[in-house]
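This is work_15.cif (mmCIF, C-alpha atoms).
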data_protein
loop_
_atom_site.label_atom_id
_atom_site.label_comp_id
_atom_site.auth_asym_id
_atom_site.auth_seq_id
_atom_site.Cartn_x
_atom_site.Cartn_y
_atom_site.Cartn_z
CA MET A 1 -17.23 -42.91 23.94
CA LEU A 2 -16.64 -39.24 24.74
CA SER A 3 -19.34 -37.94 27.01
CA PRO A 4 -20.49 -34.35 26.46
CA GLU A 5 -18.95 -33.39 29.81
CA ILE A 6 -15.45 -34.38 28.60
CA ASN A 7 -16.09 -32.45 25.40
CA ALA A 8 -16.98 -29.40 27.44
CA ILE A 9 -13.70 -29.63 29.33
CA PHE A 10 -11.76 -29.83 26.08
CA PHE A 11 -13.77 -26.91 24.70
CA ILE A 12 -13.00 -24.75 27.71
CA ALA A 13 -9.36 -25.77 27.75
CA GLY A 14 -9.02 -25.03 24.03
CA ILE A 15 -10.59 -21.60 24.31
CA GLY A 16 -8.40 -20.87 27.34
CA ILE A 17 -5.17 -21.81 25.58
CA LEU A 18 -6.10 -19.91 22.41
CA THR A 19 -7.07 -16.84 24.41
CA ALA A 20 -3.75 -16.96 26.22
CA VAL A 21 -1.83 -17.24 22.94
CA ILE A 22 -3.82 -14.45 21.28
CA HIS A 23 -3.23 -12.27 24.33
CA THR A 24 0.52 -12.91 24.11
CA VAL A 25 0.70 -12.26 20.37
CA LEU A 26 -1.26 -9.02 20.64
CA LYS A 27 0.76 -7.85 23.61
CA GLN A 28 4.04 -8.64 21.81
CA SER A 29 3.04 -6.36 18.96
CA GLY A 30 2.17 -3.55 21.33
CA LYS A 31 -1.61 -3.68 21.17
CA GLU A 32 -2.39 -4.06 24.85
CA GLU A 33 -5.95 -2.79 24.67
CA PHE A 34 -6.87 -5.35 21.97
CA ALA A 35 -5.17 -8.04 24.03
CA HIS A 36 -7.39 -7.20 26.97
CA TRP A 37 -10.48 -7.23 24.78
CA ALA A 38 -9.54 -10.65 23.38
CA THR A 39 -9.05 -12.02 26.87
CA LEU A 40 -12.36 -10.57 27.98
CA THR A 41 -14.14 -12.10 24.99
CA GLY A 42 -12.64 -15.51 25.68
CA PHE A 43 -13.65 -15.22 29.31
CA ILE A 44 -17.23 -14.32 28.38
CA VAL A 45 -17.51 -17.23 25.94
CA ILE A 46 -16.29 -19.67 28.58
CA MET A 47 -18.53 -18.10 31.21
CA PHE A 48 -21.59 -18.62 29.03
CA THR A 49 -20.86 -22.34 28.59
CA VAL A 50 -20.08 -22.80 32.29
CA VAL A 51 -23.23 -20.94 33.28
CA SER A 52 -25.33 -23.19 31.06
CA TYR A 53 -23.81 -26.28 32.74
CA ILE A 54 -24.37 -24.83 36.20
CA SER A 55 -27.98 -24.03 35.36
CA ASP A 56 -28.28 -27.67 34.27
CA LEU A 57 -26.95 -28.71 37.65
CA PHE A 58 -29.43 -26.48 39.49
CA ASP A 59 -32.29 -27.87 37.42
CA LYS A 60 -31.27 -31.40 38.36
CA VAL A 61 -30.98 -30.51 42.05
CA ARG A 62 -34.41 -28.94 41.95
CA ASP A 63 -35.84 -32.02 40.23
CA VAL A 64 -34.40 -34.23 42.96
CA PHE A 65 -35.80 -32.23 45.86
CA LEU A 66 -39.02 -30.87 44.43
CA SER A 67 -40.35 -33.99 42.70
CA HIS A 68 -43.06 -35.78 44.65
CA MET B 15 -15.59 -36.65 8.68
CA SER B 16 -17.25 -33.66 7.04
CA LYS B 17 -16.73 -31.80 10.32
CA LEU B 18 -13.00 -32.42 10.05
CA ILE B 19 -12.84 -31.26 6.44
CA GLY B 20 -14.78 -28.13 7.33
CA SER B 21 -12.42 -27.41 10.21
CA VAL B 22 -9.39 -27.76 7.98
CA LEU B 23 -10.97 -25.47 5.39
CA ILE B 24 -11.80 -22.81 7.96
CA ILE B 25 -8.30 -22.88 9.44
CA ALA B 26 -6.72 -22.74 5.98
CA ALA B 27 -8.91 -19.81 4.95
CA ALA B 28 -8.22 -17.89 8.14
CA THR B 29 -4.47 -18.51 7.89
CA LEU B 30 -4.47 -17.34 4.29
CA LEU B 31 -6.41 -14.23 5.23
CA GLY B 32 -3.90 -13.46 7.97
CA PHE B 33 -1.01 -13.85 5.54
CA ARG B 34 -2.74 -11.63 2.97
CA ILE B 35 -3.20 -8.85 5.51
CA ALA B 36 0.42 -9.27 6.65
CA ALA B 37 1.57 -9.11 3.03
CA ARG B 38 -0.16 -5.75 2.56
CA TYR B 39 2.08 -4.20 5.22
CA ALA B 40 5.21 -5.57 3.54
CA ASP B 41 3.93 -4.48 0.11
CA ARG B 42 3.33 -0.91 1.26
CA THR B 43 6.92 -0.53 2.44
CA LYS B 44 8.25 -2.08 -0.74
CA GLN B 45 6.10 0.00 -3.06
CA LEU B 46 6.93 3.24 -1.26
CA ARG B 47 10.61 2.46 -1.69
CA GLN B 48 10.02 1.73 -5.35
CA PHE B 49 8.25 5.06 -5.77
CA VAL B 50 11.22 6.84 -4.17
CA THR B 51 13.54 5.04 -6.59
CA ALA B 52 11.28 5.93 -9.48
CA LEU B 53 11.24 9.61 -8.52
CA LYS B 54 15.03 9.59 -8.26
CA VAL B 55 15.21 8.15 -11.76
CA LEU B 56 12.75 10.82 -12.90
CA GLU B 57 14.98 13.46 -11.37
CA THR B 58 17.97 12.12 -13.27
CA GLU B 59 15.96 11.98 -16.50
CA ILE B 60 14.82 15.57 -16.10
CA HIS B 61 18.02 17.07 -14.76
CA TYR B 62 20.72 15.39 -16.81
CA ALA B 63 19.00 13.89 -19.83
CA ALA B 64 16.15 16.41 -20.30
CA THR B 65 13.97 13.55 -21.52
CA PRO B 66 10.37 14.44 -22.48
CA LEU B 67 7.92 13.34 -19.78
CA PRO B 68 6.14 10.52 -21.67
CA GLN B 69 9.45 8.92 -22.54
CA ALA B 70 10.82 9.39 -19.04
CA LEU B 71 7.71 7.81 -17.50
CA GLN B 72 7.90 4.95 -19.98
CA ARG B 73 11.52 4.33 -19.08
CA ILE B 74 10.71 4.33 -15.37
CA GLY B 75 7.88 1.91 -16.09
CA ARG B 76 10.40 -0.50 -17.55
CA LEU B 77 12.81 0.01 -14.66
CA VAL B 78 10.74 -0.56 -11.50
CA PRO B 79 8.96 -3.81 -10.50
CA LYS B 80 5.42 -4.73 -11.41
CA PRO B 81 2.55 -2.92 -9.69
CA VAL B 82 4.41 0.40 -9.56
CA ALA B 83 5.56 -0.06 -13.14
CA ALA B 84 1.94 -0.40 -14.29
CA PHE B 85 1.21 3.03 -12.83
CA PHE B 86 4.06 4.73 -14.71
CA GLN B 87 3.24 2.85 -17.91
CA SER B 88 -0.38 3.96 -17.80
CA ALA B 89 0.64 7.55 -17.03
CA ALA B 90 2.93 7.50 -20.07
CA ASP B 91 0.18 5.94 -22.21
CA LYS B 92 -2.34 8.54 -21.12
CA LEU B 93 0.08 11.32 -22.04
CA ARG B 94 0.69 9.76 -25.43
CA ASP B 95 -2.77 8.79 -26.53
CA GLY B 96 -3.39 12.12 -28.23
CA ARG B 97 -6.10 13.53 -26.00
CA GLY B 98 -3.82 16.41 -25.15
CA ILE B 99 -4.27 16.26 -21.39
CA ARG B 100 -1.85 17.88 -19.00
CA ALA B 101 0.84 15.84 -17.23
CA SER B 102 -0.82 16.41 -13.86
CA GLU B 103 -4.12 15.05 -15.21
CA ALA B 104 -2.45 12.00 -16.70
CA TRP B 105 -0.65 11.39 -13.41
CA GLN B 106 -3.89 11.74 -11.45
CA GLU B 107 -5.87 9.46 -13.79
CA ALA B 108 -3.14 6.83 -13.72
CA LEU B 109 -3.03 6.94 -9.94
CA LEU B 110 -6.80 6.56 -9.62
CA ALA B 111 -6.79 3.70 -12.13
CA ASN B 112 -3.97 1.82 -10.40
CA LYS B 113 -4.87 2.56 -6.79
CA ALA B 114 -6.60 -0.79 -6.36
CA HIS B 115 -3.46 -2.72 -7.32
CA LEU B 116 -1.19 -0.73 -5.04
CA ALA B 117 -0.94 -1.36 -1.30
CA LEU B 118 -0.68 2.37 -0.58
CA LYS B 119 -2.61 4.23 2.08
CA GLU B 120 -4.63 7.40 1.58
CA ALA B 121 -1.76 9.56 2.90
CA ASP B 122 0.72 8.07 0.42
CA CYS B 123 -1.67 8.66 -2.47
CA GLU B 124 -2.13 12.23 -1.27
CA VAL B 125 1.63 12.84 -1.43
CA LEU B 126 1.76 11.40 -4.95
CA LEU B 127 -1.27 13.44 -6.06
CA ASN B 128 0.26 16.63 -4.68
CA PHE B 129 3.45 15.86 -6.54
CA GLY B 130 1.48 15.18 -9.71
CA GLN B 131 0.02 18.69 -9.53
CA THR B 132 3.51 20.12 -9.99
CA LEU B 133 4.46 17.81 -12.81
CA GLY B 134 5.33 19.58 -16.01
CA VAL B 135 4.19 23.10 -15.07
CA SER B 136 7.52 24.71 -14.27
CA ASP B 137 11.13 24.85 -15.33
CA ARG B 138 13.74 22.25 -14.57
CA GLN B 139 15.12 23.67 -11.31
CA ASP B 140 11.67 24.08 -9.83
CA GLN B 141 10.67 20.59 -10.93
CA ILE B 142 13.75 19.14 -9.25
CA LYS B 143 12.81 20.92 -6.03
CA HIS B 144 9.32 19.45 -6.17
CA ILE B 145 10.76 15.99 -6.77
CA HIS B 146 13.01 16.40 -3.73
CA LEU B 147 10.03 17.44 -1.64
CA ALA B 148 8.02 14.43 -2.79
CA ILE B 149 10.97 12.11 -2.11
CA ALA B 150 11.29 13.54 1.41
CA HIS B 151 7.58 13.02 2.06
CA LEU B 152 7.62 9.50 0.62
CA SER B 153 10.69 8.60 2.67
CA ALA B 154 8.92 9.74 5.80
CA GLU B 155 5.93 7.63 4.85
CA GLU B 156 8.26 4.71 4.17
CA ASN B 157 9.78 4.94 7.64
CA ASN B 158 6.26 5.09 8.99
CA ALA B 159 5.29 2.05 6.93
CA ARG B 160 8.33 0.09 8.07
CA ASP B 161 7.46 0.83 11.67
CA GLU B 162 3.93 -0.41 11.14
CA GLN B 163 5.19 -3.45 9.27
CA GLN B 164 7.44 -4.46 12.15
CA ARG B 165 4.60 -4.13 14.61
CA ASN B 166 1.79 -5.69 12.60
CA GLU B 167 3.16 -8.18 10.09
CA LYS B 168 4.06 -10.93 12.54
CA MET B 169 0.92 -10.33 14.57
CA TRP B 170 -1.37 -10.87 11.58
CA LYS B 171 0.52 -13.99 10.53
CA TYR B 172 -0.19 -15.58 13.90
CA LEU B 173 -3.57 -14.02 14.42
CA GLY B 174 -5.13 -15.42 11.24
CA ALA B 175 -4.44 -19.02 12.19
CA LEU B 176 -5.46 -18.40 15.80
CA MET B 177 -8.76 -16.86 14.73
CA GLY B 178 -9.43 -19.89 12.53
CA LEU B 179 -8.69 -22.22 15.44
CA THR B 180 -11.01 -20.23 17.69
CA VAL B 181 -13.85 -20.38 15.19
CA VAL B 182 -13.34 -24.13 14.77
CA ILE B 183 -13.42 -24.73 18.52
CA LEU B 184 -16.48 -22.54 18.92
CA LEU B 185 -18.36 -24.40 16.20
CA TYR B 186 -17.13 -27.94 16.92
#
Go ahead and render the structure in this file as structure tokens.
Amino acid sequence: MLSPEINAIFFIAGIGILTAVIHTVLKQSGKEEFAHWATLTGFIVIMFTVVSYISDLFDKVRDVFLSH
Amino acid sequence: MSKLIGSVLIIAAATLLGFRIAARYADRTKQLRQFVTALKVLETEIHYAATPLPQALQRIGRLVPKPVAAFFQSAADKLRDGRGIRASEAWQEALLANKAHLALKEADCEVLLNFGQTLGVSDRQDQIKHIHLAIAHLSAEENNARDEQQRNEKMWKYLGALMGLTVVILLY
């Protein structure tokens, strides 16, 4: 029913929302540096998943053009 | 199904952890205030009633709420159990024994230990002065603790649940 691509979108959206909330909570309690670290961590986690999908895409493109 | 149960368990555990950490901040403020109250009672006992130390400590132990009371009770017991140790030693031993149950920081314990050194070695006037000094220090620490509580308590309450959610999403 749910394809892995839809799951990935939910995953990224969830991490994004949580990162935003954690950033807000930390900033509210005056810990700006931790807030920035949390945001950075969330960004890195999302970047890793996105990069793996993009590398998938490149592999597929290469298969299409380089297969005989 | 088992995934769902696991997620719920992780979120519950993380939320609980957050609340426990938040409770420590509230407990520190409360216990510091109780120690200030206890020292004021001790001052009254020494200054007006001239009660012997073991009895005074025992009475304070009955007066203040639980974890702080245990400290005063054990100090009184140690003074009474016939080993003939000094009041400062009994105070120190009781503090070390009860440290794990108290939400105090190192600095707070240091103030209490320093006060314990002066316990029962001088006359009444001098003792009262030392009690006033300890109360002043503890009050400063209490203000400090209240500041920290305001900044951190709410944060940890939210952060625990959010951490749990993050872990669940990462593992799902």
**Asked** From the list B:Ser21, B:Asp140, B:Tyr39, B:Ala26, which residue is nearest Trp170 of chain B when using all atoms listed in the file?
**Response**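 Ranking B:Ser21, B:Asp140, B:Tyr39, B:Ala26 by distance to Trp170 of chain B, first place goes to B:Tyr39.
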**Prompt:** Where does the PyMOL selection byres ((chain A) within 8 of (chain B)) land in this file, that is, which residues does it pick, as a PyMOL selection string?
**Reply:** chain A and resi 11+14-15+18+22+25-26+29-30
**Request:** Mind checking which residues fall within 9 Å of Cys123 of chain B, counting only C-alpha atoms, ignoring those fewer than 4 positions away in the same chain, and posting them as a ChimeraX atom specification?
**Result:** /B:109,113,118-119,127-128
How would the residues just picked look written out with C-alpha atoms as a PDB file, in the coordinates of the input?
ATOM      1  CA  LEU B 109      -3.030   6.940  -9.940  1.00  0.00           C
ATOM      2  CA  LYS B 113      -4.870   2.560  -6.790  1.00  0.00           C
ATOM      3  CA  LEU B 118      -0.680   2.370  -0.580  1.00  0.00           C
ATOM      4  CA  LYS B 119      -2.610   4.230   2.080  1.00  0.00           C
ATOM      5  CA  LEU B 127      -1.270  13.440  -6.060  1.00  0.00           C
ATOM      6  CA  ASN B 128       0.260  16.630  -4.680  1.00  0.00           C
TER       7      ASN B 128
END
What lies within 10 Å of Ile12 of chain A using all atoms listed in the file, ignoring chain neighbours under 3 positions off, as a PDB file with C-alpha atoms, in the frame of the given file?
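part36.pdb, written as the output of this step:
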ATOM      1  CA  ILE A   6     -15.450 -34.380  28.600  1.00  0.00           C
ATOM      2  CA  ASN A   7     -16.090 -32.450  25.400  1.00  0.00           C
ATOM      3  CA  ALA A   8     -16.980 -29.400  27.440  1.00  0.00           C
ATOM      4  CA  ILE A   9     -13.700 -29.630  29.330  1.00  0.00           C
ATOM      5  CA  ILE A  15     -10.590 -21.600  24.310  1.00  0.00           C
ATOM      6  CA  GLY A  16      -8.400 -20.870  27.340  1.00  0.00           C
ATOM      7  CA  ILE A  17      -5.170 -21.810  25.580  1.00  0.00           C
ATOM      8  CA  LEU A  18      -6.100 -19.910  22.410  1.00  0.00           C
ATOM      9  CA  GLY A  42     -12.640 -15.510  25.680  1.00  0.00           C
ATOM     10  CA  PHE A  43     -13.650 -15.220  29.310  1.00  0.00           C
ATOM     11  CA  VAL A  45     -17.510 -17.230  25.940  1.00  0.00           C
ATOM     12  CA  ILE A  46     -16.290 -19.670  28.580  1.00  0.00           C
ATOM     13  CA  MET A  47     -18.530 -18.100  31.210  1.00  0.00           C
ATOM     14  CA  THR A  49     -20.860 -22.340  28.590  1.00  0.00           C
ATOM     15  CA  VAL A  50     -20.080 -22.800  32.290  1.00  0.00           C
TER      16      VAL A  50
ATOM     17  CA  ILE B 183     -13.420 -24.730  18.520  1.00  0.00           C
ATOM     18  CA  LEU B 184     -16.480 -22.540  18.920  1.00  0.00           C
TER      19      LEU B 184
END
**Prompt:** For the point (4.2, 5.2, -19.9) in file coordinates, what residues are within 9 Å, counting all atoms listed in the file? Give the answer as a ChimeraX atom specification?
**Reply:** /B:67-76,83-94
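Note that atom CA of Ala159 of chain B and atom CA of Ala36 of chain B are 12.3 Å apart.
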**Message:** Show me the residues around (9.3, 8.6, 3.6) - criterion: an atom at most 12 Å away, all atoms listed in the file counted - as number ranges by chain.
**Reply:** B: 42-51, 121-122, 125-126, 146-161
**Prompt:** Quick one: distance from atom CA of Glu33 of chain A to atom CA of Thr19 of chain A in Å, one decimal?
**Reply:** 14.1 Å
Here's the selection I'm unsure about, the PyMOL selection byres ((chain A and resi 23) around 9); applied to the file above, which residues does it give, as a PDB file with C-alpha atoms, keeping the file's coordinate frame?
ATOM      1  CA  LEU A  18      -6.100 -19.910  22.410  1.00  0.00           C
ATOM      2  CA  THR A  19      -7.070 -16.840  24.410  1.00  0.00           C
ATOM      3  CA  ALA A  20      -3.750 -16.960  26.220  1.00  0.00           C
ATOM      4  CA  VAL A  21      -1.830 -17.240  22.940  1.00  0.00           C
ATOM      5  CA  ILE A  22      -3.820 -14.450  21.280  1.00  0.00           C
ATOM      6  CA  THR A  24       0.520 -12.910  24.110  1.00  0.00           C
ATOM      7  CA  VAL A  25       0.700 -12.260  20.370  1.00  0.00           C
ATOM      8  CA  LEU A  26      -1.260  -9.020  20.640  1.00  0.00           C
ATOM      9  CA  LYS A  27       0.760  -7.850  23.610  1.00  0.00           C
ATOM     10  CA  GLN A  28       4.040  -8.640  21.810  1.00  0.00           C
ATOM     11  CA  GLU A  32      -2.390  -4.060  24.850  1.00  0.00           C
ATOM     12  CA  PHE A  34      -6.870  -5.350  21.970  1.00  0.00           C
ATOM     13  CA  ALA A  35      -5.170  -8.040  24.030  1.00  0.00           C
ATOM     14  CA  HIS A  36      -7.390  -7.200  26.970  1.00  0.00           C
ATOM     15  CA  TRP A  37     -10.480  -7.230  24.780  1.00  0.00           C
ATOM     16  CA  ALA A  38      -9.540 -10.650  23.380  1.00  0.00           C
ATOM     17  CA  THR A  39      -9.050 -12.020  26.870  1.00  0.00           C
TER      18      THR A  39
END
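Between atom CA of Ala111 of chain B and atom CA of Leu53 of chain B there is a distance of 19.3 Å.
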